[in-house]
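This is model_25.csv. It holds CSV, C-alpha atoms.
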```
chain,number,residue,atom,x,y,z
A,189,MET,CA,164.6,101.7,126.1
A,190,SER,CA,162.1,102.3,123.3
A,191,LEU,CA,162.8,101.8,119.6
A,192,ALA,CA,164.2,104.9,117.9
A,193,ALA,CA,161.9,106.2,115.1
A,194,ALA,CA,165.0,106.6,112.9
A,195,GLU,CA,165.8,102.9,113.4
A,196,PHE,CA,162.2,102.0,112.5
A,197,ALA,CA,162.6,103.8,109.1
A,198,ARG,CA,166.2,102.6,108.5
A,199,CYS,CA,165.4,98.9,108.5
A,200,LEU,CA,162.5,99.0,106.0
A,201,PRO,CA,164.7,98.1,102.9
A,202,ARG,CA,166.1,95.1,104.8
A,203,PHE,CA,162.5,94.0,105.7
A,204,GLU,CA,161.6,94.3,102.0
A,205,ARG,CA,164.5,92.1,100.9
A,206,TRP,CA,163.6,89.5,103.5
A,207,GLN,CA,159.9,89.4,102.5
A,208,LEU,CA,160.7,89.0,98.8
A,209,ASP,CA,163.9,87.0,98.7
A,210,VAL,CA,163.5,84.7,101.7
A,211,SER,CA,159.9,84.6,102.8
A,212,ASN,CA,158.7,84.5,99.2
A,213,HIS,CA,155.8,86.9,99.7
A,214,ARG,CA,154.1,88.3,96.7
A,215,PRO,CA,155.5,91.7,95.5
A,216,SER,CA,152.0,93.2,95.6
A,217,GLY,CA,151.6,92.2,99.3
A,218,VAL,CA,155.1,93.4,100.2
A,219,LYS,CA,154.4,96.7,98.4
A,220,ALA,CA,151.2,97.2,100.4
A,221,ALA,CA,153.0,96.5,103.7
A,222,LEU,CA,155.8,98.9,102.8
A,223,THR,CA,153.2,101.6,102.0
A,224,ASP,CA,151.6,101.0,105.5
A,225,LEU,CA,155.0,101.2,107.2
A,226,GLY,CA,156.1,104.2,105.2
A,227,LEU,CA,152.8,105.9,106.4
A,228,MET,CA,153.7,105.2,110.0
A,229,ALA,CA,157.3,106.4,109.5
A,230,GLY,CA,156.0,109.6,108.0
A,231,PHE,CA,153.6,110.0,110.8
A,232,LEU,CA,156.4,109.7,113.4
A,233,ALA,CA,158.4,112.3,111.5
A,234,GLU,CA,155.6,114.8,111.1
A,235,ARG,CA,154.7,114.6,114.8
A,236,ASP,CA,158.4,114.8,115.8
A,237,LEU,CA,158.1,111.5,117.7
A,238,GLU,CA,161.6,110.2,118.3
A,239,GLN,CA,160.6,106.9,119.9
A,240,VAL,CA,158.2,104.1,118.8
A,241,ASP,CA,156.4,103.0,122.0
A,242,GLY,CA,152.9,102.2,123.2
A,243,PRO,CA,151.6,105.8,123.2
A,244,ALA,CA,153.0,106.3,119.7
A,245,LEU,CA,151.2,103.2,118.4
A,246,LEU,CA,147.9,104.3,119.9
A,247,GLU,CA,148.3,107.8,118.5
A,248,PHE,CA,149.0,106.4,115.1
A,249,VAL,CA,145.9,104.2,115.1
A,250,THR,CA,143.8,107.2,116.4
A,251,TRP,CA,145.2,109.3,113.5
A,252,LEU,CA,144.2,106.6,111.0
A,253,ARG,CA,140.7,106.4,112.2
A,254,ARG,CA,139.9,110.1,113.0
A,255,ASP,CA,142.1,112.1,110.6
A,256,ARG,CA,142.4,109.8,107.7
A,257,ALA,CA,138.9,108.3,108.2
A,258,ASN,CA,140.2,104.8,107.6
A,259,SER,CA,137.7,102.0,107.8
A,260,PRO,CA,138.2,99.3,110.4
A,261,ALA,CA,139.5,96.9,107.7
A,262,ALA,CA,141.9,99.5,106.3
A,263,ALA,CA,143.2,100.4,109.8
A,264,ASN,CA,143.6,96.7,110.7
A,265,ARG,CA,145.7,96.0,107.7
A,266,LYS,CA,148.1,98.8,108.7
A,267,ILE,CA,148.1,97.4,112.3
A,268,SER,CA,148.9,93.9,110.9
A,269,SER,CA,151.8,95.4,108.9
A,270,VAL,CA,153.3,97.1,111.9
A,271,LYS,CA,153.0,93.9,114.0
A,272,THR,CA,154.8,91.9,111.3
A,273,TYR,CA,157.5,94.5,111.0
A,274,MET,CA,158.0,94.7,114.7
A,275,ARG,CA,158.4,90.9,114.9
A,276,PHE,CA,161.1,91.2,112.2
A,277,LEU,CA,162.9,93.8,114.2
A,278,ARG,CA,162.8,91.7,117.3
A,279,PHE,CA,164.4,88.8,115.4
A,280,LEU,CA,167.1,91.2,114.3
A,281,GLN,CA,167.5,92.2,118.0
A,282,ILE,CA,167.3,95.9,117.1
A,283,GLU,CA,167.8,97.9,120.2
A,284,GLY,CA,164.5,98.8,121.8
A,285,ALA,CA,162.3,96.6,119.5
A,286,GLU,CA,161.5,94.1,122.3
A,287,SER,CA,160.1,96.9,124.5
A,288,VAL,CA,157.5,98.0,121.9
A,289,PRO,CA,154.1,96.5,122.9
A,290,ALA,CA,153.0,95.9,119.3
A,291,ARG,CA,151.8,92.3,120.2
A,292,GLU,CA,149.3,93.8,122.7
A,293,LEU,CA,147.9,96.2,120.1
A,294,LYS,CA,144.3,95.2,119.4
A,295,CYS,CA,142.6,95.4,116.0
A,296,VAL,CA,139.8,97.9,115.4
A,297,HIS,CA,136.4,96.4,116.0
A,298,SER,CA,134.5,95.9,112.8
A,299,PRO,CA,130.7,96.1,113.3
A,300,TRP,CA,128.7,93.3,111.8
A,301,ARG,CA,127.2,94.5,108.6
A,302,GLY,CA,124.6,91.8,108.2
A,303,PRO,CA,124.6,88.9,105.7
A,304,LEU,CA,126.7,89.3,102.6
A,305,GLN,CA,124.7,90.8,99.9
A,306,THR,CA,125.4,89.9,96.3
A,307,LEU,CA,123.8,89.7,92.8
A,308,GLY,CA,121.0,87.3,92.0
A,309,ALA,CA,121.4,84.7,89.3
A,310,ASP,CA,119.2,86.7,86.9
A,311,GLU,CA,121.3,89.8,87.6
A,312,VAL,CA,124.5,88.0,86.8
A,313,ARG,CA,123.0,86.8,83.5
A,314,ARG,CA,121.9,90.3,82.6
A,315,LEU,CA,125.3,91.6,83.4
A,316,LEU,CA,127.2,89.1,81.2
A,317,GLU,CA,124.6,89.4,78.4
A,318,GLY,CA,125.6,93.1,78.2
A,319,ILE,CA,129.0,92.2,76.8
A,320,ASP,CA,129.4,92.3,73.0
A,321,ARG,CA,130.9,88.9,72.3
A,322,ASN,CA,131.2,89.6,68.5
A,323,SER,CA,134.4,91.7,69.0
A,324,ALA,CA,137.8,90.4,70.1
A,325,HIS,CA,137.9,92.6,73.2
A,326,GLY,CA,134.3,91.7,74.0
A,327,LEU,CA,135.0,88.0,73.9
A,328,ARG,CA,138.0,88.5,76.1
A,329,ASP,CA,136.0,90.4,78.7
A,330,PHE,CA,133.2,87.9,78.5
A,331,THR,CA,135.7,85.1,79.2
A,332,VAL,CA,137.2,87.0,82.1
A,333,CYS,CA,133.8,87.5,83.7
A,334,SER,CA,132.9,83.9,83.1
A,335,LEU,CA,135.9,82.7,85.0
A,336,LEU,CA,135.2,85.2,87.8
A,337,TYR,CA,131.7,83.8,88.2
A,338,ARG,CA,131.8,80.2,87.1
A,339,LEU,CA,135.0,79.3,89.0
A,340,GLY,CA,134.9,82.0,91.7
A,341,LEU,CA,138.3,83.4,90.8
A,342,ARG,CA,139.8,86.6,92.2
A,343,VAL,CA,140.5,89.3,89.7
A,344,GLY,CA,144.2,89.1,90.5
A,345,GLU,CA,144.1,85.4,89.8
A,346,VAL,CA,142.6,86.0,86.4
A,347,HIS,CA,145.3,88.6,85.8
A,348,ARG,CA,148.1,86.1,86.5
A,349,LEU,CA,146.7,83.3,84.3
A,350,ASP,CA,149.1,82.2,81.5
A,351,THR,CA,148.3,80.2,78.4
A,352,GLY,CA,150.2,77.4,80.1
A,353,SER,CA,147.7,77.5,83.0
A,354,LEU,CA,145.1,75.9,80.6
A,355,ASP,CA,145.0,72.2,80.1
A,356,LEU,CA,142.1,71.8,77.7
A,357,GLU,CA,142.9,68.1,77.0
A,358,HIS,CA,142.1,67.3,80.6
A,359,THR,CA,139.7,70.2,81.0
A,360,ALA,CA,141.6,71.8,83.9
A,361,LEU,CA,142.9,75.2,84.9
A,362,THR,CA,145.8,75.8,87.3
A,363,VAL,CA,145.2,79.0,89.4
A,364,CYS,CA,147.9,80.7,91.4
A,365,GLY,CA,146.2,82.3,94.5
A,366,LYS,CA,147.2,84.2,97.5
A,367,GLY,CA,150.5,83.3,99.1
A,368,GLY,CA,151.5,81.5,95.9
A,369,ARG,CA,149.1,78.6,96.7
A,370,GLN,CA,148.1,76.8,93.6
A,371,ARG,CA,144.9,74.9,93.0
A,372,VAL,CA,143.7,73.0,89.9
A,373,LEU,CA,140.0,73.6,89.0
A,374,PRO,CA,137.9,71.6,86.5
A,375,LEU,CA,136.6,73.3,83.4
A,376,VAL,CA,133.0,72.1,83.1
A,377,GLY,CA,130.1,72.8,80.8
A,378,ASP,CA,130.9,75.0,77.9
A,379,LEU,CA,133.9,76.7,79.5
A,380,PRO,CA,136.4,74.6,77.5
A,381,ASP,CA,134.7,75.6,74.3
A,382,LEU,CA,134.6,79.3,75.4
A,383,LEU,CA,138.3,79.2,76.1
A,384,ARG,CA,139.0,77.6,72.8
A,385,GLN,CA,137.1,80.4,71.1
A,386,TYR,CA,139.0,83.0,73.0
A,387,LEU,CA,142.4,81.4,72.2
A,388,ALA,CA,141.6,81.6,68.5
A,389,VAL,CA,140.7,85.3,68.9
A,390,ARG,CA,143.7,85.9,71.1
A,391,GLU,CA,146.0,85.5,68.1
A,392,ARG,CA,144.6,88.8,66.7
A,393,PHE,CA,145.9,90.7,69.6
A,394,TYR,CA,149.0,92.7,69.1
A,395,ARG,CA,152.3,90.8,70.0
A,396,SER,CA,150.2,87.8,71.1
A,397,ARG,CA,152.8,85.2,70.1
A,398,GLY,CA,155.5,86.7,72.2
A,399,GLN,CA,153.4,87.0,75.4
A,400,SER,CA,152.7,84.2,77.9
A,401,ALA,CA,149.7,85.9,79.5
A,402,LEU,CA,146.4,84.4,78.8
A,403,PHE,CA,144.5,87.7,78.7
A,404,LEU,CA,146.1,90.5,76.7
A,405,SER,CA,145.6,94.3,76.5
A,406,GLN,CA,145.2,96.3,73.3
A,407,LYS,CA,148.9,96.9,73.4
A,408,GLY,CA,149.8,93.3,73.7
A,409,ALA,CA,150.7,93.3,77.4
A,410,ARG,CA,149.2,91.3,80.2
A,411,LEU,CA,145.7,92.6,80.9
A,412,ALA,CA,146.0,94.8,84.0
A,413,VAL,CA,143.8,94.4,87.1
A,414,ARG,CA,142.9,98.1,86.8
A,415,THR,CA,141.8,97.6,83.1
A,416,ILE,CA,139.6,94.7,84.1
A,417,GLU,CA,138.0,96.8,86.8
A,418,GLU,CA,137.5,99.8,84.5
A,419,ASN,CA,135.9,97.7,81.8
A,420,PHE,CA,133.7,96.1,84.4
A,421,SER,CA,132.6,99.4,85.8
A,422,LEU,CA,131.5,100.5,82.3
A,423,LEU,CA,129.6,97.3,81.9
A,424,VAL,CA,127.8,97.8,85.2
A,425,SER,CA,126.8,101.3,84.2
A,426,ARG,CA,125.3,100.0,81.0
A,427,THR,CA,123.4,97.1,82.4
A,428,GLY,CA,122.4,98.4,85.8
A,429,PRO,CA,120.8,99.2,88.2
A,430,PHE,CA,121.2,96.2,90.4
A,431,SER,CA,119.9,95.1,93.8
A,432,ILE,CA,123.1,96.0,95.6
A,433,PRO,CA,124.7,99.5,95.5
A,434,LYS,CA,128.3,98.5,94.6
A,435,VAL,CA,129.1,95.9,91.9
A,436,THR,CA,132.8,95.1,91.2
A,437,PRO,CA,134.6,92.1,89.6
A,438,HIS,CA,134.9,90.6,93.2
A,439,THR,CA,131.1,90.6,93.4
A,440,LEU,CA,131.0,87.8,90.8
A,441,ARG,CA,133.2,85.7,93.1
A,442,HIS,CA,130.8,86.4,96.0
A,443,ALA,CA,127.9,85.5,93.7
A,444,PHE,CA,129.6,82.2,92.8
A,445,ALA,CA,130.0,81.1,96.4
A,446,SER,CA,126.6,82.4,97.5
A,447,HIS,CA,124.7,80.7,94.7
A,448,ALA,CA,126.6,77.5,95.5
A,449,VAL,CA,125.5,77.6,99.1
A,450,ASP,CA,121.9,78.6,98.2
A,451,GLY,CA,121.7,75.6,95.9
A,452,GLY,CA,122.2,73.4,98.9
A,453,ASN,CA,124.5,70.9,97.1
A,454,CYS,CA,127.9,72.4,98.0
A,455,ASP,CA,130.0,71.1,100.8
A,456,LEU,CA,131.7,74.0,102.7
A,457,VAL,CA,135.1,72.2,102.7
A,458,VAL,CA,134.9,71.7,99.0
A,459,LEU,CA,133.9,75.3,98.5
A,460,LYS,CA,136.9,76.4,100.5
A,461,ALA,CA,139.2,74.4,98.2
A,462,VAL,CA,137.6,75.8,95.0
A,463,MET,CA,137.9,79.4,96.2
A,464,GLY,CA,141.4,79.0,97.5
A,465,HIS,CA,140.7,80.1,101.1
A,466,ALA,CA,143.5,79.4,103.6
A,467,ILE,CA,141.1,78.9,106.5
A,468,LEU,CA,137.5,77.7,106.7
A,469,ALA,CA,136.4,80.9,108.5
A,470,SER,CA,136.9,82.8,105.2
A,471,THR,CA,134.3,80.5,103.5
A,472,GLU,CA,131.8,80.6,106.4
A,473,ILE,CA,130.7,84.2,105.5
A,474,TYR,CA,128.7,82.6,102.7
A,475,LEU,CA,126.6,80.5,105.0
A,476,HIS,CA,124.1,83.3,105.6
A,477,PRO,CA,121.1,82.4,103.5
A,478,SER,CA,119.9,84.9,100.9
A,479,HIS,CA,116.6,86.8,101.2
A,480,GLU,CA,115.1,84.5,98.5
A,481,THR,CA,116.2,81.4,100.4
A,482,LEU,CA,114.6,82.8,103.6
A,483,ARG,CA,111.4,83.6,101.6
A,484,ARG,CA,111.3,80.0,100.3
A,485,ALA,CA,111.9,78.5,103.8
A,486,VAL,CA,109.0,80.5,105.3
A,487,ASN,CA,106.7,79.9,102.3
A,488,ASN,CA,107.3,76.1,102.4
A,489,HIS,CA,106.8,75.9,106.1
A,490,PRO,CA,103.9,73.6,107.3
A,491,ALA,CA,102.5,76.5,109.3
A,492,ASN,CA,101.1,77.8,106.0
A,493,GLU,CA,98.9,74.7,105.7
A,494,ILE,CA,98.1,74.3,109.4
A,495,LEU,CA,96.7,77.8,109.6
A,496,ALA,CA,95.2,77.9,106.0
A,497,GLY,CA,91.6,79.1,106.1
A,498,LEU,CA,91.7,80.6,109.5
A,499,SER,CA,90.6,84.2,109.6
A,500,GLY,CA,91.9,86.8,112.0
A,501,VAL,CA,88.6,86.6,114.0
A,502,GLU,CA,88.9,82.8,114.4
A,503,ILE,CA,92.5,83.1,115.5
A,504,LEU,CA,91.5,85.7,118.0
A,505,SER,CA,88.8,83.5,119.4
A,506,LEU,CA,91.2,80.6,119.8
A,507,GLN,CA,93.5,82.8,121.8
A,508,GLN,CA,90.7,83.9,124.0
A,509,ASN,CA,89.6,80.3,124.6
A,510,ARG,CA,93.2,79.4,125.7
A,511,ARG,CA,93.1,82.2,128.3
A,512,LEU,CA,89.9,80.7,129.7
```
Just give me the structure as structure tokens.
Amino acid sequence: MSLAAAEFARCLPRFERWQLDVSNHRPSGVKAALTDLGLMAGFLAERDLEQVDGPALLEFVTWLRRDRANSPAAANRKISSVKTYMRFLRFLQIEGAESVPARELKCVHSPWRGPLQTLGADEVRRLLEGIDRNSAHGLRDFTVCSLLYRLGLRVGEVHRLDTGSLDLEHTALTVCGKGGRQRVLPLVGDLPDLLRQYLAVRERFYRSRGQSALFLSQKGARLAVRTIEENFSLLVSRTGPFSIPKVTPHTLRHAFASHAVDGGNCDLVVLKAVMGHAILASTEIYLHPSHETLRRAVNNHPANEILAGLSGVEILSLQQNRRL
């Protein structure tokens, strides 16, 4: 017997409570999963599909790709949400859940898009130089961007920082990453001084004394991810164009890792710890050398000296002699 579509929808609130209260998943992640599952529940209802079975799963994925034009990554996130939910239903021993072949459902193949492209060092400098640091909001935004690039933080991690996350005495910053995993990163160079300057300016923000968030909005609330992204988009439009078509706050995180690898002095395991990756495979995407690194490798190759001074005619004659 297959799982009833009505049962699929009925257990969603119970799944939410389990994810939040017992499994300790982040509310943002649970909300995203529920959105995915709600999308499938709505799909089943619109198509008058009374059972969740193999054909229904395949039809749902086909609908995601063809009708909704979801990218492979977007479709795979929804597939992952369905698989997690079906595992939960099997543990509950919901009738028909065991017969749903969700475990056999393959992810959508993502074509290789080539080496990761990110901003060059001069472009990052031009971008950050475009921020007016003489205003309170400007210094705040400059500090945010500095943490994104100089520590490789995610925008959500910057959003969650509290004043208690800072330990300026020991020049350290405690970051809460994905899955609630914490990591302590060193504050090097002039970062401690920059943060001290921002903390002094932070007192001018509305209701700053009653707020634990490190970065505050104009209304005295925790600076929202959306606000960071919107301010960054305006900055990009002022300081562009750049060598890559799309520049977001996450681009600075990519730039941090890529520049560390291009510098040649960064151990991959250390970089994994700094960036807060759960598995090493997530860090390995930065191993692809940049175009400038490839140019230096070819330019510094001994072949340039070995063949220096040889004209095209001489090379041609050498090739003819080899044939003889």
* Taking (149.4, 74.3, 82.3) in the file's coordinates, which residues come within 12 Å, counting all atoms listed in the file, written as a VMD selection string? -> chain A and resid 349 to 364 370 to 373 400 to 402
* Suppose you want the space between atom CA of Leu246 of chain A and atom CA of Val288 of chain A; what is it in Å? -> 11.7 Å
* Spatial neighbours of segment 465-469 of chain A, max dist 10 Å, all atoms listed in the file, sep filter under 2 positions, as a PyMOL selection string -> chain A and resi 365-367+369+456-457+459-463+471-474
Would you write out those residues with C-alpha atoms, as a compact mmCIF listing (two decimals), keeping the file's coordinate frame?
```
# COMPACT_ATOMS: atom_id res chain seq x y z
CA GLY A 365 146.20 82.30 94.50
CA LYS A 366 147.20 84.20 97.50
CA GLY A 367 150.50 83.30 99.10
CA ARG A 369 149.10 78.60 96.70
CA LEU A 456 131.70 74.00 102.70
CA VAL A 457 135.10 72.20 102.70
CA LEU A 459 133.90 75.30 98.50
CA LYS A 460 136.90 76.40 100.50
CA ALA A 461 139.20 74.40 98.20
CA VAL A 462 137.60 75.80 95.00
CA MET A 463 137.90 79.40 96.20
CA THR A 471 134.30 80.50 103.50
CA GLU A 472 131.80 80.60 106.40
CA ILE A 473 130.70 84.20 105.50
CA TYR A 474 128.70 82.60 102.70
```
Counting only C-alpha atoms, note down every residue that has an atom within 8 Å of the point (124.0, 86.2, 97.6) (file coordinates), as a PDB file with C-alpha atoms, keeping the file's coordinate frame.
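Produced file part38.pdb, reproduced below:
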```pdb
ATOM      1  CA  LEU A 304     126.700  89.300 102.600  1.00  0.00           C
ATOM      2  CA  GLN A 305     124.700  90.800  99.900  1.00  0.00           C
ATOM      3  CA  THR A 306     125.400  89.900  96.300  1.00  0.00           C
ATOM      4  CA  LEU A 307     123.800  89.700  92.800  1.00  0.00           C
ATOM      5  CA  GLY A 308     121.000  87.300  92.000  1.00  0.00           C
ATOM      6  CA  HIS A 442     130.800  86.400  96.000  1.00  0.00           C
ATOM      7  CA  ALA A 443     127.900  85.500  93.700  1.00  0.00           C
ATOM      8  CA  ALA A 445     130.000  81.100  96.400  1.00  0.00           C
ATOM      9  CA  SER A 446     126.600  82.400  97.500  1.00  0.00           C
ATOM     10  CA  HIS A 447     124.700  80.700  94.700  1.00  0.00           C
ATOM     11  CA  ASP A 450     121.900  78.600  98.200  1.00  0.00           C
ATOM     12  CA  TYR A 474     128.700  82.600 102.700  1.00  0.00           C
ATOM     13  CA  PRO A 477     121.100  82.400 103.500  1.00  0.00           C
ATOM     14  CA  SER A 478     119.900  84.900 100.900  1.00  0.00           C
TER      15      SER A 478
END
```
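Reported to one decimal place, the separation of atom CA of Leu315 of chain A from atom CA of Tyr394 of chain A is 27.7 Å.
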* At what distance in Å, to one decimal, does atom CA of Arg441 of chain A lie from atom CA of Thr223 of chain A? -> 27.1 Å
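The smallest atom-to-atom distance between Ser216 of chain A and any of A:Phe420, A:Val413, A:Asp310, A:Asn264, using all atoms listed in the file, is found for A:Val413.
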* Asked: If we count all atoms listed in the file, what is near Arg321 of chain A at a cut-off of 7 Å, once residues fewer than 4 positions away on the same chain are taken out, given as a PyMOL selection string?
  -> chain A and resi 326-327+330
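Using only C-alpha atoms, the protein and nucleic acid residues lying no more than 9 Å from Val296 of chain A, apart from those fewer than 2 places from it along its own chain, are Val249, Ser259, Pro260, Ala261, Ala263, Asn264, Ile267, Lys294 and Ser298 of chain A.
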For C-alpha atoms, I'd like the residues from the last selection saved as a PDB file, in the frame of the given file.
```pdb
ATOM      1  CA  VAL A 249     145.900 104.200 115.100  1.00  0.00           C
ATOM      2  CA  SER A 259     137.700 102.000 107.800  1.00  0.00           C
ATOM      3  CA  PRO A 260     138.200  99.300 110.400  1.00  0.00           C
ATOM      4  CA  ALA A 261     139.500  96.900 107.700  1.00  0.00           C
ATOM      5  CA  ALA A 263     143.200 100.400 109.800  1.00  0.00           C
ATOM      6  CA  ASN A 264     143.600  96.700 110.700  1.00  0.00           C
ATOM      7  CA  ILE A 267     148.100  97.400 112.300  1.00  0.00           C
ATOM      8  CA  LYS A 294     144.300  95.200 119.400  1.00  0.00           C
ATOM      9  CA  SER A 298     134.500  95.900 112.800  1.00  0.00           C
TER      10      SER A 298
END
```
* **Proximity to Leu225 of chain A - best of A:Arg265, A:Arg414, A:Arg278, A:His297, all atoms listed in the file** => A:Arg265
